[in-house]
Amino acid sequence: MATAYKVFVKRDFSHGEYPTKYITKLPQKLEGKVNPDTFADTVQSINEYFARAEDINAGMIAEGCCAFMSLFTLYWCVPSRYERRMNELETFLQGENENKYRALGMHWSHPKRSAFRHIVVSVDPNMSKHSSRRNRANSSGSRDGPTA
């Protein structure tokens with residue numbers, strides 16, 4: 001029985017601290033477990049969410065001014081633009097986990113869980129076995145619970 005482990009996708013500080021970016025190169029521990037292009041596409045998509053969230057434009061400045069004038073009570077009613085982008089990223093990662101990575105025995109965690117220092121990819125070889133058994137059961141037409 002193989003043991004589960006975690007792989008850390010590091011932040012890329014080569015262009016400064018902002019926008020938040022992560023290295024798209026496949027970590028050595030994941031070689032042979034996932035296609036390097038699939039991995040790079042996922043990390044690049046994550047980087048794009050951060051680029052959109054951290055982009056400074058007139059809308060972001062107006063939001064900041066309104067928040068300041070309302071003594072930041074604005075954010076009690078409306079989530080900030082950054083918060084909305086991070087929620088979109090959470091939804092994206094859930095979809096990637098469901099559609100691509102669960103079958104490979106992997107789970108990507110939102111970077112906020114590690115204070116944005118890195119992305120944690122949990123690898124559990126046993127999870128892919130359970131997933132493939134579940135997929136075979138679903139495709140064979142078996143159902144949970146009583147049938148009518």
# chains A, B, ... in the order shown; residues from 1 in each chain; ligands from 1
>>> closest_atom_pairs(of="stretch 48-96 of chain A", to="stretch 12-28 of chain A", cutoff="7 Å", atoms="only C-alpha atoms", output="JSON lines")
{"residue": "A:Phe50", "atom": "CA", "partner": "A:Thr20", "partner_atom": "CA", "distance": 5.9}
{"residue": "A:Ala51", "atom": "CA", "partner": "A:Pro19", "partner_atom": "CA", "distance": 5.5}
{"residue": "A:Glu54", "atom": "CA", "partner": "A:Pro19", "partner_atom": "CA", "distance": 6.1}
>>> closest_atom_pairs(of="stretch 54-94 of chain A", to="stretch 99-106 of chain A", cutoff="12 Å", atoms="only C-alpha atoms", output="JSON lines")
{"residue": "A:Phe92", "atom": "CA", "partner": "A:Asn99", "partner_atom": "CA", "distance": 10.5}
{"residue": "A:Leu93", "atom": "CA", "partner": "A:Asn99", "partner_atom": "CA", "distance": 9.8}
{"residue": "A:Gln94", "atom": "CA", "partner": "A:Asn99", "partner_atom": "CA", "distance": 8.6}
>>> select_by_dssp(residues="chain A", states="alpha helix (DSSP H)", output="PyMOL selection string")
chain A and resi 36-54+58-69+74-77+81-96+125-139
>>> closest_residue(among="A:Ala4, A:Tyr75, A:Val34, A:Tyr82", to="A:Asp55", atoms="only C-alpha atoms")
A:Tyr82
>>> residues_around(residues="A:Arg81", least_positions_apart="3", cutoff="7 Å", atoms="only C-alpha atoms", output="JSON, numbers by chain")
{"A": [53, 84, 85]}
>>> atom_distance(atom1="atom CA of A:Ile119", atom2="atom CA of A:Ile46")
9.7 Å
>>> closest_residue(among="A:Asn87, A:Asn57, A:Ser70, A:Asn35", to="A:Lys112", atoms="only C-alpha atoms")
A:Asn87
>>> closest_residue(among="A:Gly32, A:Gly95, A:Pro111, A:Gly64", to="A:Arg11", atoms="only C-alpha atoms")
A:Pro111
>>> select_by_dssp(residues="stretch 41-143 of chain A", states="strand (DSSP E or B)", output="PDB file with C-alpha atoms, in the first residue's frame")
ATOM      1  CA  MET A 106      -4.216  14.096  -6.720  1.00  0.00           C
ATOM      2  CA  HIS A 107      -5.897  17.028  -5.027  1.00  0.00           C
ATOM      3  CA  TRP A 108      -4.923  20.684  -5.514  1.00  0.00           C
ATOM      4  CA  HIS A 118       2.919  27.729  -2.475  1.00  0.00           C
ATOM      5  CA  ILE A 119       0.231  25.480  -3.925  1.00  0.00           C
ATOM      6  CA  VAL A 120      -0.140  22.158  -2.136  1.00  0.00           C
ATOM      7  CA  VAL A 121      -0.789  19.161  -4.366  1.00  0.00           C
ATOM      8  CA  SER A 122      -1.728  16.130  -2.264  1.00  0.00           C
ATOM      9  CA  VAL A 123      -0.919  12.827  -3.921  1.00  0.00           C
TER      10      VAL A 123
END
>>> decode(residues="stretch 83-117 of chain A", atoms="N, CA, C and O atoms", output="compact mmCIF listing (two decimals), in the first residue's frame")
# COMPACT_ATOMS: atom_id res chain seq x y z
N GLU A 83 -11.60 39.25 -3.42
CA GLU A 83 -12.34 38.12 -2.84
C GLU A 83 -13.13 37.36 -3.90
O GLU A 83 -13.15 36.12 -3.91
N ARG A 84 -13.78 38.09 -4.81
CA ARG A 84 -14.54 37.45 -5.88
C ARG A 84 -13.63 36.61 -6.77
O ARG A 84 -13.98 35.49 -7.15
N ARG A 85 -12.46 37.12 -7.11
CA ARG A 85 -11.51 36.37 -7.94
C ARG A 85 -11.01 35.13 -7.20
O ARG A 85 -10.83 34.07 -7.81
N MET A 86 -10.79 35.23 -5.90
CA MET A 86 -10.32 34.07 -5.14
C MET A 86 -11.43 33.02 -5.04
O MET A 86 -11.15 31.82 -5.05
N ASN A 87 -12.67 33.45 -4.97
CA ASN A 87 -13.80 32.50 -4.99
C ASN A 87 -13.89 31.81 -6.35
O ASN A 87 -14.17 30.61 -6.43
N GLU A 88 -13.65 32.57 -7.41
CA GLU A 88 -13.63 31.97 -8.75
C GLU A 88 -12.50 30.95 -8.86
O GLU A 88 -12.67 29.89 -9.47
N LEU A 89 -11.35 31.27 -8.28
CA LEU A 89 -10.22 30.33 -8.29
C LEU A 89 -10.57 29.06 -7.52
O LEU A 89 -10.25 27.96 -7.95
N GLU A 90 -11.26 29.20 -6.41
CA GLU A 90 -11.69 28.04 -5.63
C GLU A 90 -12.59 27.13 -6.47
O GLU A 90 -12.41 25.91 -6.50
N THR A 91 -13.53 27.73 -7.18
CA THR A 91 -14.43 26.97 -8.06
C THR A 91 -13.64 26.30 -9.18
O THR A 91 -13.89 25.13 -9.50
N PHE A 92 -12.68 27.02 -9.75
CA PHE A 92 -11.85 26.45 -10.81
C PHE A 92 -11.09 25.23 -10.29
O PHE A 92 -11.05 24.19 -10.95
N LEU A 93 -10.47 25.35 -9.11
CA LEU A 93 -9.70 24.23 -8.56
C LEU A 93 -10.59 23.03 -8.25
O LEU A 93 -10.19 21.89 -8.44
N GLN A 94 -11.80 23.28 -7.77
CA GLN A 94 -12.73 22.18 -7.52
C GLN A 94 -13.03 21.43 -8.82
O GLN A 94 -13.05 20.21 -8.86
N GLY A 95 -13.25 22.19 -9.89
CA GLY A 95 -13.51 21.57 -11.19
C GLY A 95 -12.31 20.79 -11.71
O GLY A 95 -12.45 19.68 -12.23
N GLU A 96 -11.11 21.36 -11.56
CA GLU A 96 -9.90 20.66 -12.00
C GLU A 96 -9.71 19.37 -11.21
O GLU A 96 -9.36 18.34 -11.78
N ASN A 97 -9.95 19.44 -9.91
CA ASN A 97 -9.81 18.24 -9.08
C ASN A 97 -10.79 17.17 -9.52
O ASN A 97 -10.44 16.00 -9.65
N GLU A 98 -12.03 17.57 -9.75
CA GLU A 98 -13.06 16.61 -10.16
C GLU A 98 -12.78 16.02 -11.54
O GLU A 98 -12.89 14.82 -11.74
N ASN A 99 -12.45 16.89 -12.50
CA ASN A 99 -12.36 16.46 -13.90
C ASN A 99 -11.02 15.87 -14.30
O ASN A 99 -10.98 15.06 -15.21
N LYS A 100 -9.94 16.31 -13.67
CA LYS A 100 -8.62 15.87 -14.12
C LYS A 100 -7.83 15.10 -13.07
O LYS A 100 -7.25 14.07 -13.36
N TYR A 101 -7.78 15.63 -11.86
CA TYR A 101 -6.77 15.15 -10.92
C TYR A 101 -7.23 14.05 -9.97
O TYR A 101 -6.41 13.28 -9.50
N ARG A 102 -8.51 13.95 -9.69
CA ARG A 102 -8.97 12.90 -8.79
C ARG A 102 -8.63 11.51 -9.35
O ARG A 102 -8.19 10.63 -8.63
N ALA A 103 -8.83 11.33 -10.64
CA ALA A 103 -8.54 10.03 -11.27
C ALA A 103 -7.04 9.70 -11.22
O ALA A 103 -6.66 8.54 -11.27
N LEU A 104 -6.20 10.74 -11.08
CA LEU A 104 -4.75 10.54 -10.98
C LEU A 104 -4.30 10.39 -9.53
O LEU A 104 -3.11 10.24 -9.27
N GLY A 105 -5.24 10.49 -8.60
CA GLY A 105 -4.91 10.38 -7.18
C GLY A 105 -4.33 11.66 -6.61
O GLY A 105 -3.55 11.63 -5.67
N MET A 106 -4.75 12.80 -7.16
CA MET A 106 -4.22 14.10 -6.72
C MET A 106 -5.35 15.03 -6.30
O MET A 106 -6.48 14.88 -6.74
N HIS A 107 -4.96 15.99 -5.45
CA HIS A 107 -5.90 17.03 -5.03
C HIS A 107 -5.12 18.33 -4.87
O HIS A 107 -4.14 18.39 -4.13
N TRP A 108 -5.55 19.37 -5.59
CA TRP A 108 -4.92 20.68 -5.51
C TRP A 108 -5.66 21.51 -4.47
O TRP A 108 -6.89 21.59 -4.49
N SER A 109 -4.92 22.15 -3.58
CA SER A 109 -5.51 23.02 -2.56
C SER A 109 -5.35 24.48 -2.97
O SER A 109 -4.39 24.84 -3.64
N HIS A 110 -6.28 25.30 -2.54
CA HIS A 110 -6.22 26.74 -2.82
C HIS A 110 -4.97 27.31 -2.13
O HIS A 110 -4.69 26.98 -0.97
N PRO A 111 -4.23 28.16 -2.82
CA PRO A 111 -3.00 28.73 -2.23
C PRO A 111 -3.24 29.52 -0.95
O PRO A 111 -2.31 29.68 -0.15
N LYS A 112 -4.46 30.00 -0.71
CA LYS A 112 -4.71 30.77 0.52
C LYS A 112 -4.51 29.89 1.76
O LYS A 112 -4.23 30.38 2.84
N ARG A 113 -4.64 28.58 1.61
CA ARG A 113 -4.46 27.67 2.75
C ARG A 113 -3.01 27.59 3.21
O ARG A 113 -2.72 27.08 4.28
N SER A 114 -2.09 28.08 2.36
CA SER A 114 -0.67 28.10 2.73
C SER A 114 -0.15 29.53 2.71
O SER A 114 1.04 29.76 2.47
N ALA A 115 -1.03 30.48 2.96
CA ALA A 115 -0.69 31.90 3.00
C ALA A 115 -0.07 32.35 1.68
O ALA A 115 0.80 33.22 1.66
N PHE A 116 -0.48 31.75 0.58
CA PHE A 116 -0.04 32.09 -0.77
C PHE A 116 1.45 31.85 -1.01
O PHE A 116 2.00 32.33 -1.99
N ARG A 117 2.11 31.11 -0.13
CA ARG A 117 3.54 30.80 -0.32
C ARG A 117 3.74 29.76 -1.39
O ARG A 117 4.74 29.77 -2.10
